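Here is the file protein-v6.pdb (PDB, C-alpha atoms).
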```
MODEL        1
ATOM      1  CA  MET F 165      -0.231  57.158 -27.356
ATOM      2  CA  GLY F 166       0.856  54.841 -30.139
ATOM      3  CA  GLY F 167       2.112  57.782 -32.160
ATOM      4  CA  GLN F 168       5.484  57.921 -30.431
ATOM      5  CA  THR F 169       6.966  55.205 -32.596
ATOM      6  CA  GLY F 170       9.588  57.175 -34.479
ATOM      7  CA  LEU F 171      12.011  54.276 -34.376
ATOM      8  CA  LEU F 172       9.679  52.380 -36.692
ATOM      9  CA  GLU F 173       9.316  55.075 -39.298
ATOM     10  CA  ASN F 174      12.899  54.884 -40.571
ATOM     11  CA  PRO F 175      14.069  51.260 -40.307
ATOM     12  CA  PHE F 176      17.828  50.940 -40.646
ATOM     13  CA  HIS F 177      19.566  49.059 -43.408
ATOM     14  CA  VAL F 178      22.221  46.522 -42.412
ATOM     15  CA  ALA F 179      24.871  46.636 -45.109
ATOM     16  CA  GLY F 180      26.803  43.524 -46.019
ATOM     17  CA  ALA F 181      24.702  41.200 -43.903
ATOM     18  CA  GLY F 182      24.574  38.586 -46.630
ATOM     19  CA  THR F 183      20.855  37.855 -46.034
ATOM     20  CA  GLU F 184      17.683  39.804 -46.623
ATOM     21  CA  ASP F 185      17.375  42.775 -44.293
ATOM     22  CA  TYR F 186      14.452  41.785 -42.124
ATOM     23  CA  ILE F 187      14.198  45.117 -40.413
ATOM     24  CA  LYS F 188      13.841  46.894 -43.746
ATOM     25  CA  LEU F 189      10.623  44.914 -44.173
ATOM     26  CA  LEU F 190       9.089  46.974 -41.356
ATOM     27  CA  GLN F 191       8.631  49.933 -43.712
ATOM     28  CA  GLN F 192       4.994  50.841 -43.934
ATOM     29  CA  GLU F 193       3.359  49.700 -47.178
ATOM     30  CA  ALA F 194      -0.154  51.071 -46.704
ATOM     31  CA  ASP F 195      -2.395  52.964 -44.323
ATOM     32  CA  PHE F 196      -3.167  50.989 -41.184
ATOM     33  CA  GLN F 197      -6.079  51.327 -38.790
ATOM     34  CA  SER F 198      -4.921  51.533 -35.186
ATOM     35  CA  SER F 199      -6.489  50.489 -31.903
ATOM     36  CA  GLY F 200      -4.538  50.648 -28.655
ATOM     37  CA  ARG F 201      -4.889  50.681 -24.885
ATOM     38  CA  PHE F 202      -2.917  50.545 -21.664
ATOM     39  CA  SER F 203      -2.862  47.047 -20.163
ATOM     40  CA  LEU F 204      -3.269  46.778 -16.405
ATOM     41  CA  GLU F 205      -2.625  43.012 -16.535
ATOM     42  CA  ALA F 206       0.705  43.472 -18.318
ATOM     43  CA  LYS F 207       1.684  46.226 -15.883
ATOM     44  CA  LYS F 208       1.005  43.965 -12.879
ATOM     45  CA  ALA F 209       2.995  41.085 -14.417
ATOM     46  CA  LEU F 210       5.917  43.424 -15.128
ATOM     47  CA  GLN F 211       5.935  44.532 -11.490
ATOM     48  CA  LYS F 212       6.172  40.894 -10.356
ATOM     49  CA  MET F 213       9.363  40.232 -12.339
ATOM     50  CA  GLN F 214      11.817  41.473  -9.715
ATOM     51  CA  GLU F 215      13.452  38.052  -9.262
ATOM     52  CA  PHE F 216      14.359  38.000 -12.957
ATOM     53  CA  ARG F 217      16.338  41.245 -12.844
ATOM     54  CA  LEU F 218      19.678  40.817 -14.648
ATOM     55  CA  GLN F 219      22.854  41.522 -12.685
ATOM     56  CA  ASP F 220      24.142  43.513 -15.646
ATOM     57  CA  PRO F 221      21.307  45.179 -17.601
ATOM     58  CA  THR F 222      23.486  45.188 -20.736
ATOM     59  CA  GLU F 223      22.851  41.459 -20.955
ATOM     60  CA  TYR F 224      19.446  42.332 -22.379
ATOM     61  CA  ILE F 225      21.106  42.006 -25.795
ATOM     62  CA  LEU F 226      21.763  38.294 -25.164
ATOM     63  CA  GLN F 227      18.136  37.802 -24.159
ATOM     64  CA  LEU F 228      17.010  39.276 -27.473
ATOM     65  CA  VAL F 229      19.251  36.870 -29.391
ATOM     66  CA  SER F 230      17.724  34.011 -27.414
ATOM     67  CA  CYS F 231      14.241  35.313 -28.139
ATOM     68  CA  GLY F 232      14.942  35.177 -31.876
ATOM     69  CA  VAL F 233      16.430  31.679 -31.682
ATOM     70  CA  MET F 234      13.487  30.313 -29.695
ATOM     71  CA  ARG F 235      11.029  32.008 -32.040
ATOM     72  CA  GLY F 236      12.428  30.017 -34.962
ATOM     73  CA  ALA F 237      14.303  32.866 -36.661
ATOM     74  CA  THR F 238      16.736  32.172 -39.489
ATOM     75  CA  ALA F 239      18.881  35.220 -38.631
ATOM     76  CA  VAL F 240      19.115  38.053 -36.117
ATOM     77  CA  GLN F 241      20.181  41.534 -37.155
ATOM     78  CA  ILE F 242      21.396  44.043 -34.567
ATOM     79  CA  GLU F 243      22.247  47.690 -35.017
ATOM     80  CA  ILE F 244      24.054  49.339 -32.087
ATOM     81  CA  GLY F 245      24.314  53.108 -32.323
ATOM     82  CA  GLY F 246      25.430  55.820 -29.985
ATOM     83  CA  ARG F 247      21.893  56.528 -28.880
ATOM     84  CA  ASP F 248      19.784  53.604 -30.018
ATOM     85  CA  VAL F 249      19.751  49.834 -30.365
ATOM     86  CA  ARG F 250      17.594  47.997 -32.895
ATOM     87  CA  VAL F 251      17.133  44.247 -33.141
ATOM     88  CA  GLY F 252      15.157  42.419 -35.808
ATOM     89  CA  PHE F 253      14.492  38.780 -36.645
ATOM     90  CA  ASP F 254      12.057  36.657 -38.604
ATOM     91  CA  GLY F 255      10.388  33.498 -37.356
ATOM     92  CA  GLU F 256       6.978  33.177 -35.729
ATOM     93  CA  PRO F 257       5.584  36.668 -35.011
ATOM     94  CA  PHE F 258       4.036  37.615 -31.675
ATOM     95  CA  THR F 259       0.285  38.087 -31.608
ATOM     96  CA  ALA F 260      -1.236  41.008 -29.704
ATOM     97  CA  ARG F 261      -2.322  38.584 -26.987
ATOM     98  CA  GLU F 262       1.178  37.148 -26.682
ATOM     99  CA  LEU F 263       2.691  40.613 -26.344
ATOM    100  CA  GLU F 264       0.217  41.506 -23.617
ATOM    101  CA  ASP F 265       1.016  38.251 -21.787
ATOM    102  CA  VAL F 266       4.784  38.427 -22.384
ATOM    103  CA  PHE F 267       5.737  39.453 -18.832
ATOM    104  CA  GLY F 268       3.768  36.529 -17.463
ATOM    105  CA  CYS F 269       5.942  34.171 -19.539
ATOM    106  CA  ALA F 270       8.943  34.894 -17.300
ATOM    107  CA  LEU F 271       6.893  33.799 -14.278
ATOM    108  CA  GLN F 272       6.061  30.420 -15.815
ATOM    109  CA  GLN F 273       8.218  27.298 -15.660
ATOM    110  CA  SER F 274       7.690  26.149 -19.243
ATOM    111  CA  SER F 275      10.056  24.646 -21.808
ATOM    112  CA  HIS F 276       7.736  25.384 -24.725
ATOM    113  CA  PRO F 277       9.750  27.352 -27.308
ATOM    114  CA  MET F 278       7.093  30.059 -27.732
ATOM    115  CA  THR F 279       6.778  30.635 -23.990
ATOM    116  CA  ALA F 280      10.556  30.558 -23.591
ATOM    117  CA  ALA F 281      10.883  33.198 -26.318
ATOM    118  CA  GLY F 282       8.385  35.378 -24.482
ATOM    119  CA  ALA F 283      10.330  35.009 -21.240
ATOM    120  CA  HIS F 284      13.559  36.111 -22.928
ATOM    121  CA  LEU F 285      11.790  39.122 -24.419
ATOM    122  CA  ALA F 286      10.249  40.038 -21.070
ATOM    123  CA  ILE F 287      13.578  39.835 -19.230
ATOM    124  CA  ALA F 288      15.211  41.934 -21.947
ATOM    125  CA  LEU F 289      12.537  44.626 -21.761
ATOM    126  CA  GLN F 290      12.744  44.796 -17.985
ATOM    127  CA  ALA F 291      16.507  45.329 -18.210
ATOM    128  CA  MET F 292      16.169  47.902 -20.987
ATOM    129  CA  ARG F 293      13.789  49.940 -18.812
ATOM    130  CA  THR F 294      16.649  50.626 -16.386
ATOM    131  CA  TYR F 295      18.235  52.900 -19.029
ATOM    132  CA  ASN F 296      15.199  55.208 -18.826
ATOM    133  CA  PRO F 297      14.905  55.297 -22.622
ATOM    134  CA  ASP F 298      12.845  57.836 -24.506
ATOM    135  CA  VAL F 299      11.428  54.998 -26.616
ATOM    136  CA  LEU F 300      11.171  51.282 -25.847
ATOM    137  CA  ILE F 301       9.067  49.372 -28.318
ATOM    138  CA  VAL F 302       8.386  45.906 -29.714
ATOM    139  CA  GLU F 303       6.659  45.456 -33.053
ATOM    140  CA  SER F 304       5.767  42.072 -34.472
ATOM    141  CA  ARG F 305       4.505  41.997 -38.005
ATOM    142  CA  ASP F 306       2.507  39.304 -39.764
ATOM    143  CA  ARG F 307       0.706  39.307 -43.100
ATOM    144  CA  HIS F 308      -2.331  41.049 -41.656
ATOM    145  CA  GLY F 309      -0.763  43.931 -39.781
ATOM    146  CA  ARG F 310       1.377  44.868 -36.802
ATOM    147  CA  ASN F 311       1.162  44.155 -33.100
ATOM    148  CA  VAL F 312       2.934  46.680 -30.906
ATOM    149  CA  LEU F 313       4.023  46.781 -27.261
ATOM    150  CA  GLN F 314       5.448  50.030 -25.951
ATOM    151  CA  LEU F 315       6.622  50.872 -22.433
ATOM    152  CA  TYR F 316       5.957  54.322 -20.996
ATOM    153  CA  GLU F 317       7.666  54.467 -17.596
ATOM    154  CA  GLU F 318       5.417  52.152 -15.511
ATOM    155  CA  GLU F 319       2.725  51.757 -18.167
ATOM    156  CA  VAL F 320       2.396  49.103 -20.882
ATOM    157  CA  TRP F 321       0.734  50.157 -24.135
ATOM    158  CA  ILE F 322      -0.645  47.449 -26.454
ATOM    159  CA  GLU F 323      -1.622  48.418 -29.975
ATOM    160  CA  THR F 324      -2.818  46.583 -33.073
ATOM    161  CA  LEU F 325      -2.487  48.107 -36.532
ATOM    162  CA  THR F 326      -4.494  46.356 -39.218
ATOM    163  CA  GLY F 327      -4.498  46.971 -42.921
ATOM    164  CA  PRO F 328      -4.256  45.335 -46.340
ATOM    165  CA  GLY F 329      -2.487  42.003 -46.527
ATOM    166  CA  SER F 330       1.255  42.072 -47.042
ATOM    167  CA  SER F 331       3.581  39.735 -48.900
ATOM    168  CA  SER F 332       6.507  40.757 -46.698
ATOM    169  CA  LYS F 333       8.139  38.262 -44.403
ATOM    170  CA  MET F 334       6.916  38.078 -40.839
ATOM    171  CA  THR F 335       9.249  40.102 -38.663
ATOM    172  CA  THR F 336       9.759  41.064 -35.028
ATOM    173  CA  TYR F 337      11.534  44.283 -34.158
ATOM    174  CA  VAL F 338      12.735  45.618 -30.796
ATOM    175  CA  GLY F 339      13.921  49.202 -30.571
ATOM    176  CA  MET F 340      15.330  51.353 -27.781
ATOM    177  CA  GLU F 341      16.221  55.020 -28.067
ATOM    178  CA  LEU F 342      18.066  56.712 -25.210
ATOM    179  CA  SER F 343      17.803  60.325 -24.181
ATOM    180  CA  LEU F 344      19.866  62.779 -26.179
ATOM    181  CA  SER F 345      23.191  63.772 -24.609
ATOM    182  CA  LEU F 346      26.196  65.799 -25.682
ATOM    183  CA  MET F 347      28.238  62.647 -26.257
ATOM    184  CA  ASN F 348      25.743  60.601 -28.253
ATOM    185  CA  MET F 349      24.754  63.652 -30.269
ATOM    186  CA  CYS F 350      28.282  64.839 -31.176
ATOM    187  CA  PHE F 351      30.200  61.531 -31.123
ATOM    188  CA  PRO F 352      27.691  58.753 -31.935
ATOM    189  CA  SER F 353      30.269  56.418 -33.526
ATOM    190  CA  LEU F 354      32.624  56.777 -30.566
ATOM    191  CA  VAL F 355      29.845  56.095 -28.064
ATOM    192  CA  SER F 356      28.639  53.126 -30.086
ATOM    193  CA  GLY F 357      32.124  51.600 -30.228
ATOM    194  CA  PHE F 358      32.443  51.581 -26.436
ATOM    195  CA  ARG F 359      29.061  50.045 -25.697
ATOM    196  CA  LYS F 360      29.271  46.784 -23.764
ATOM    197  CA  GLU F 361      26.762  45.078 -26.042
ATOM    198  CA  HIS F 362      29.513  44.512 -28.624
ATOM    199  CA  ARG F 363      31.741  42.617 -26.179
ATOM    200  CA  LEU F 364      28.900  40.533 -24.796
ATOM    201  CA  LEU F 365      27.773  39.411 -28.229
ATOM    202  CA  GLY F 366      31.301  38.619 -29.375
ATOM    203  CA  ARG F 367      32.044  36.623 -26.234
ATOM    204  CA  LEU F 368      28.785  34.712 -25.759
ATOM    205  CA  ALA F 369      26.680  34.723 -28.965
ATOM    206  CA  TYR F 370      29.290  33.676 -31.552
ATOM    207  CA  ALA F 371      28.132  30.032 -31.592
ATOM    208  CA  ALA F 372      24.430  30.733 -32.108
ATOM    209  CA  PRO F 373      22.701  28.228 -34.422
ATOM    210  CA  ILE F 374      21.657  31.056 -36.764
ATOM    211  CA  PRO F 375      23.636  33.997 -38.177
ATOM    212  CA  VAL F 376      23.857  37.006 -35.860
ATOM    213  CA  TYR F 377      24.802  40.263 -37.565
ATOM    214  CA  VAL F 378      26.028  43.258 -35.586
ATOM    215  CA  ASN F 379      26.179  46.524 -37.501
ATOM    216  CA  GLY F 380      26.306  44.536 -40.723
ATOM    217  CA  GLN F 381      29.071  42.130 -39.675
ATOM    218  CA  SER F 382      28.439  38.494 -38.842
ATOM    219  CA  LEU F 383      29.721  37.169 -35.515
ATOM    220  CA  ARG F 384      32.512  34.706 -36.279
ATOM    221  CA  PHE F 385      32.859  31.188 -34.936
ATOM    222  CA  VAL F 386      36.471  30.210 -35.694
ATOM    223  CA  LEU F 387      37.154  26.469 -35.528
ATOM    224  CA  ASP F 388      40.008  24.084 -36.171
ATOM    225  CA  PHE F 389      39.988  22.243 -39.503
ATOM    226  CA  HIS F 390      39.993  18.854 -37.779
ATOM    227  CA  ARG F 391      36.452  18.875 -36.463
ATOM    228  CA  VAL F 392      34.096  16.133 -35.387
ATOM    229  CA  LEU F 393      30.377  16.817 -35.795
ATOM    230  CA  LEU F 394      27.760  15.424 -33.455
ATOM    231  CA  GLU F 395      24.581  15.239 -35.514
ATOM    232  CA  GLY F 396      21.428  15.760 -33.505
ATOM    233  CA  PRO F 397      17.712  16.019 -34.322
ATOM    234  CA  GLY F 398      15.917  18.946 -35.922
ATOM    235  CA  ARG F 399      17.300  21.862 -37.902
ATOM    236  CA  ALA F 400      21.079  21.929 -38.240
ATOM    237  CA  PRO F 401      22.874  24.950 -36.762
ATOM    238  CA  VAL F 402      24.761  27.179 -39.153
ATOM    239  CA  TRP F 403      28.110  25.954 -37.788
ATOM    240  CA  ALA F 404      27.242  22.375 -38.821
ATOM    241  CA  GLN F 405      27.968  23.271 -42.437
ATOM    242  CA  GLY F 406      31.257  22.460 -44.158
ATOM    243  CA  GLN F 407      33.689  19.573 -43.962
ATOM    244  CA  PHE F 408      34.222  17.431 -40.867
ATOM    245  CA  SER F 409      36.756  14.719 -40.225
ATOM    246  CA  ARG F 410      34.014  12.567 -38.729
ATOM    247  CA  THR F 411      30.237  12.733 -38.170
ATOM    248  CA  ILE F 412      28.520  10.896 -35.317
ATOM    249  CA  LYS F 413      24.814  10.549 -34.581
ATOM    250  CA  GLY F 414      24.107  11.913 -31.138
ATOM    251  CA  PRO F 415      21.468  13.149 -28.684
ATOM    252  CA  CYS F 416      22.038  16.784 -29.685
ATOM    253  CA  TRP F 417      23.974  18.912 -32.137
ATOM    254  CA  GLY F 418      27.581  19.463 -31.163
ATOM    255  CA  LEU F 419      31.149  19.529 -32.328
ATOM    256  CA  MET F 420      34.629  18.818 -31.083
ATOM    257  CA  HIS F 421      37.997  20.225 -32.122
ATOM    258  CA  ARG F 422      41.486  20.376 -30.715
ATOM    259  CA  ALA F 423      42.492  23.272 -28.508
ATOM    260  CA  HIS F 424      45.841  24.530 -29.738
ATOM    261  CA  ARG F 425      45.910  27.922 -28.043
ATOM    262  CA  GLU F 426      43.173  27.540 -25.453
ATOM    263  CA  PRO F 427      42.556  25.218 -22.507
ATOM    264  CA  ARG F 428      40.297  22.220 -22.854
ATOM    265  CA  ARG F 429      36.704  23.082 -22.145
ATOM    266  CA  LEU F 430      33.058  22.149 -22.597
ATOM    267  CA  VAL F 431      30.593  24.813 -23.753
ATOM    268  CA  LEU F 432      26.837  24.359 -23.704
ATOM    269  CA  ILE F 433      24.862  26.420 -26.227
ATOM    270  CA  GLN F 434      21.345  27.178 -25.081
ATOM    271  CA  ALA F 435      19.052  29.461 -27.096
ATOM    272  CA  GLY F 436      22.048  30.803 -29.002
ATOM    273  CA  ILE F 437      24.166  31.758 -25.978
ATOM    274  CA  CYS F 438      27.366  30.030 -24.790
ATOM    275  CA  PHE F 439      27.663  28.719 -21.234
ATOM    276  CA  PRO F 440      31.200  27.424 -20.455
ATOM    277  CA  GLN F 441      31.155  24.470 -18.063
ATOM    278  CA  VAL F 442      33.678  23.561 -15.386
ATOM    279  CA  ARG F 443      34.931  20.301 -13.908
ATOM    280  CA  GLU F 444      34.013  18.118 -16.884
ATOM    281  CA  PRO F 445      36.064  14.949 -17.637
ATOM    282  CA  LEU F 446      37.558  16.031 -20.963
ATOM    283  CA  LEU F 447      40.604  14.676 -22.723
ATOM    284  CA  PRO F 448      43.675  16.960 -23.103
ATOM    285  CA  GLU F 449      43.414  19.606 -25.838
ATOM    286  CA  GLN F 450      39.721  18.886 -26.286
ATOM    287  CA  VAL F 451      37.121  21.606 -26.883
ATOM    288  CA  ILE F 452      33.502  20.472 -27.146
ATOM    289  CA  TYR F 453      30.346  22.441 -27.925
ATOM    290  CA  LEU F 454      26.913  20.951 -27.250
ATOM    291  CA  GLN F 455      23.687  22.657 -28.294
ATOM    292  CA  GLU F 456      20.419  21.962 -26.511
ATOM    293  CA  ASP F 457      17.692  24.589 -26.166
ATOM    294  CA  SER F 458      15.649  22.607 -23.630
ATOM    295  CA  LEU F 459      18.316  23.102 -20.948
ATOM    296  CA  LYS F 460      17.342  25.406 -18.072
ATOM    297  CA  ARG F 461      19.084  28.585 -16.983
ATOM    298  CA  ASP F 462      19.231  29.698 -13.373
ATOM    299  CA  LEU F 463      17.619  32.946 -12.226
ATOM    300  CA  SER F 464      20.793  34.921 -12.972
ATOM    301  CA  GLN F 465      20.574  33.830 -16.631
ATOM    302  CA  ARG F 466      24.350  33.257 -16.448
ATOM    303  CA  ALA F 467      24.525  29.504 -15.861
ATOM    304  CA  ILE F 468      22.831  26.268 -16.896
ATOM    305  CA  VAL F 469      21.058  24.417 -14.099
ATOM    306  CA  ARG F 470      22.886  21.170 -13.295
ATOM    307  CA  ASN F 471      19.850  18.919 -13.223
ATOM    308  CA  GLN F 472      19.521  15.303 -14.296
ATOM    309  CA  ALA F 473      18.544  16.173 -17.868
ATOM    310  CA  ARG F 474      21.651  18.318 -18.262
ATOM    311  CA  ASN F 475      23.950  15.703 -16.743
ATOM    312  CA  ASP F 476      22.504  12.878 -18.852
ATOM    313  CA  LEU F 477      22.892  14.875 -22.055
ATOM    314  CA  VAL F 478      26.507  15.764 -21.316
ATOM    315  CA  ALA F 479      27.380  12.193 -20.316
ATOM    316  CA  ALA F 480      25.836  10.718 -23.467
ATOM    317  CA  ALA F 481      27.552  13.227 -25.756
ATOM    318  CA  LEU F 482      30.975  12.858 -24.126
ATOM    319  CA  GLU F 483      30.798   9.084 -24.364
ATOM    320  CA  LEU F 484      30.282   9.362 -28.124
ATOM    321  CA  LEU F 485      32.927  12.030 -28.706
ATOM    322  CA  GLN F 486      35.648  10.452 -26.592
TER     323      GLN F 486
ENDMDL
END
```

Would you kindly transcribe this structure into structure tokens?
Amino acid sequence: MGGQTGLLENPFHVAGAGTEDYIKLLQQEADFQSSGRFSLEAKKALQKMQEFRLQDPTEYILQLVSCGVMRGATAVQIEIGGRDVRVGFDGEPFTARELEDVFGCALQQSSHPMTAAGAHLAIALQAMRTYNPDVLIVESRDRHGRNVLQLYEEEVWIETLTGPGSSSKMTTYVGMELSLSLMNMCFPSLVSGFRKEHRLLGRLAYAAPIPVYVNGQSLRFVLDFHRVLLEGPGRAPVWAQGQFSRTIKGPCWGLMHRAHREPRRLVLIQAGICFPQVREPLLPEQVIYLQEDSLKRDLSQRAIVRNQARNDLVAAALELLQ
């Protein structure tokens, strides 16, 4: 059953990405020994995920960005074609056990980054299934081999491929290939250009803490020159580089700039995705971004839960920035 992995045999090359092409590292370097099986436990967990069904299945692409961010990736590369979508990122790879348990992650209420990454992957895969793809596969590669999860209609196939050690970077790859149609066969570029994934990424993933490349082009985060940086703990997001008019120590990473052609607003960045907030006490012409991955999303995955932790974080950051 594990032989239907054609998406893995010809990894795409992202031109002009500016960083090493992680997905290219999935090319096979040696003969691997394979062992695979259908998982009844994973199938049952997948069937229990009905409450996590996305309102718009296209939002799976945002879940995959979040998965990469929470897995500690340094970049996410996305290729959107007329028939297929391929997403690759580095960071901590998934073990075979983690892939088998991934659908159970969405049923847990855990803030642990590894479990959160699994939940994002599970929600993405559930949404991708609604397209009835010919191929839907996850491959996570470490220095010892590859761990594979593949969905066949209602079945979940788990496979481990072991072989000689590899010096390649650890990589996770998610691939979906849709059924062949007249449009995606004859006009793949046209079909690709109209796919909603492009708009979603440009509208909600532009402020991710790591570079996100779509068909070789980096998503742009355009900011005013007069910026104030809120310096938080841990690894600095990519947008924290450059010159700032002022830097303030704060409870999280964030920034503020003046809104010349847009209304004042507060945007929370959680796991690489933007969540605009409403009814916040901002000063005129003020745009503020706050990044905190421990914030909780509601079941729709479209809003941040307004709990005490969220309110305290926002209050503390606004007091410093204003």

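Using all atoms listed in the file, the smallest distance between any of F:Asp248, F:Asp306, F:Glu323, F:Asp298 and F:Arg261 comes from F:Glu323.
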
Which residues match the PyMOL selection byres ((chain F and resi 231) around 6) in the file above, as a list in words?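 Applying the expression gives Leu228, Val229, Ser230, Gly232, Val233, Met234, Ala281, His284 and Leu285 of chain F.
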
Choose the residue, out of F:Ile437, F:Met347, F:Ala481, F:Ile374, that has the smallest atom-to-atom separation from F:Asp254; count all atoms listed in the file.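 Closest candidate: F:Ile374.
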
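In this structure, atom CA of F:Arg367 sits 13.3 Å away from atom CA of F:Thr222.
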
How would you write, as a PyMOL selection string, the residues chosen by the PyMOL selection byres ((chain F and resi 300) around 10) on this structure? chain F and resi 168-169+171+248-249+289+292-293+295-299+301-302+313-317+338-342

Given all atoms listed in the file as the basis, pick out the residue of F:Val442, F:Leu454, F:Pro375, F:Ser203 nearest to F:Val392. F:Leu454

Atom CA of F:Thr324 to atom CA of F:Leu271: how many Å, to one decimal?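 According to the coordinates, atom CA of F:Thr324 and atom CA of F:Leu271 are separated by 24.7 Å.
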
Contacts of F:Gln465 within 10 Å, all atoms listed in the file, excl. fewer than 3 positions in-chain, as a list in words: Phe216, Arg217, Leu218, Gln219, Glu223, Leu226, Gln227, His284, Ile287, Phe439, Lys460, Arg461, Asp462, Ile468 and Val469 of chain F

I'd like the neighbourhood of F:Leu263 as a list of chain:residue names, where a residue qualifies if any of its atoms comes within 9 Å (using only C-alpha atoms), though same-chain residues fewer than 4 positions away should be ignored. F:Ala206, F:Phe258, F:Thr259, F:Phe267, F:Gly282, F:Val302, F:Ser304, F:Asn311, F:Val312, F:Leu313, F:Ile322

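Of the residues under consideration (F:Glu483, F:Glu318, F:Glu449, F:Glu264), F:Glu483 shows the shortest atom-to-atom contact distance to F:Pro415 when counting all atoms listed in the file.
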
Using atom CA of F:Cys269 and atom CA of F:Tyr224 as the two end points, give the distance in Å to one decimal.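 Answer for the atom CA of F:Cys269 to atom CA of F:Tyr224 separation: 16.0 Å.
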
Measuring between all atoms listed in the file, which one of F:Val378, F:Ala467, F:Met349, F:Val240 shows the shortest distance to F:His362? F:Val378

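Using all atoms listed in the file for every distance, the candidate list F:Arg235, F:Arg466, F:Arg443, F:Arg247 yields F:Arg247 as the residue closest to F:Asn348.
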
Go through stretch 349-381 of chain F residue by residue and, counting all atoms listed in the file, keep those with an atom at most 8 Å from stretch 424-436 of chain F; for each kept residue give the shortest atom pair and its distance in Å to one decimal, ordered by chain and increasing number, as a tab-separated table.
```
residue	atom	partner	partner_atom	distance
F:Ala369	CA	F:Gly436	CA	6.1
F:Ala371	CA	F:Gly436	CA	6.7
F:Ala372	CA	F:Gly436	CA	3.9
F:Pro373	CA	F:Gly436	CA	6.0
F:Ile374	CA	F:Gly436	CA	7.8
```

Let me know the residues the PyMOL selection byres ((chain F and resi 395) around 10) catches in the file above, as a PDB file with C-alpha atoms, in the frame of the given file.
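File selection27.pdb, as written:
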```
ATOM      1  CA  VAL F 392      34.096  16.133 -35.387  1.00  0.00           C
ATOM      2  CA  LEU F 393      30.377  16.817 -35.795  1.00  0.00           C
ATOM      3  CA  LEU F 394      27.760  15.424 -33.455  1.00  0.00           C
ATOM      4  CA  GLY F 396      21.428  15.760 -33.505  1.00  0.00           C
ATOM      5  CA  PRO F 397      17.712  16.019 -34.322  1.00  0.00           C
ATOM      6  CA  GLY F 398      15.917  18.946 -35.922  1.00  0.00           C
ATOM      7  CA  ALA F 400      21.079  21.929 -38.240  1.00  0.00           C
ATOM      8  CA  PRO F 401      22.874  24.950 -36.762  1.00  0.00           C
ATOM      9  CA  ALA F 404      27.242  22.375 -38.821  1.00  0.00           C
ATOM     10  CA  THR F 411      30.237  12.733 -38.170  1.00  0.00           C
ATOM     11  CA  ILE F 412      28.520  10.896 -35.317  1.00  0.00           C
ATOM     12  CA  LYS F 413      24.814  10.549 -34.581  1.00  0.00           C
ATOM     13  CA  GLY F 414      24.107  11.913 -31.138  1.00  0.00           C
ATOM     14  CA  PRO F 415      21.468  13.149 -28.684  1.00  0.00           C
ATOM     15  CA  CYS F 416      22.038  16.784 -29.685  1.00  0.00           C
ATOM     16  CA  TRP F 417      23.974  18.912 -32.137  1.00  0.00           C
ATOM     17  CA  GLY F 418      27.581  19.463 -31.163  1.00  0.00           C
ATOM     18  CA  LEU F 419      31.149  19.529 -32.328  1.00  0.00           C
TER      19      LEU F 419
END
```

Neighbour list for F:Gly309 as a list in words, cut-off 6 Å, only C-alpha atoms, skip fewer than 5 positions in-chain: Leu325, Thr326 and Gly327 of chain F

Polymer residues at most 8 Å from (22.0, 48.1, -28.2) by all atoms listed in the file, as an MDAnalysis selection string: chainID F and resid 225 242:245 248:251 340 359 361

Can you tell me which residues surround F:Asn471 at a distance of at most 9 Å, considering only C-alpha atoms, apart from same-chain residues fewer than 4 positions away, and format the answer as a PyMOL selection string? chain F and resi 459-460+475-476

Pick out the residues sitting within 10 Å of F:Ser345, and hand them over as a PyMOL selection string; count all atoms listed in the file, and ignore anything fewer than 6 positions along from it in its own chain. chain F and resi 246-247+351-352

To test the calculation: enclose all listed atoms of stretch 417-430 of chain F in a box whose edges run along x, y and z, add 6 Å on each side, then state centre and edge lengths in Å to one decimal, as JSON.
```
{"center_x": 34.9, "center_y": 23.4, "center_z": -27.2, "size_x": 33.9, "size_y": 21.1, "size_z": 22.2}
```
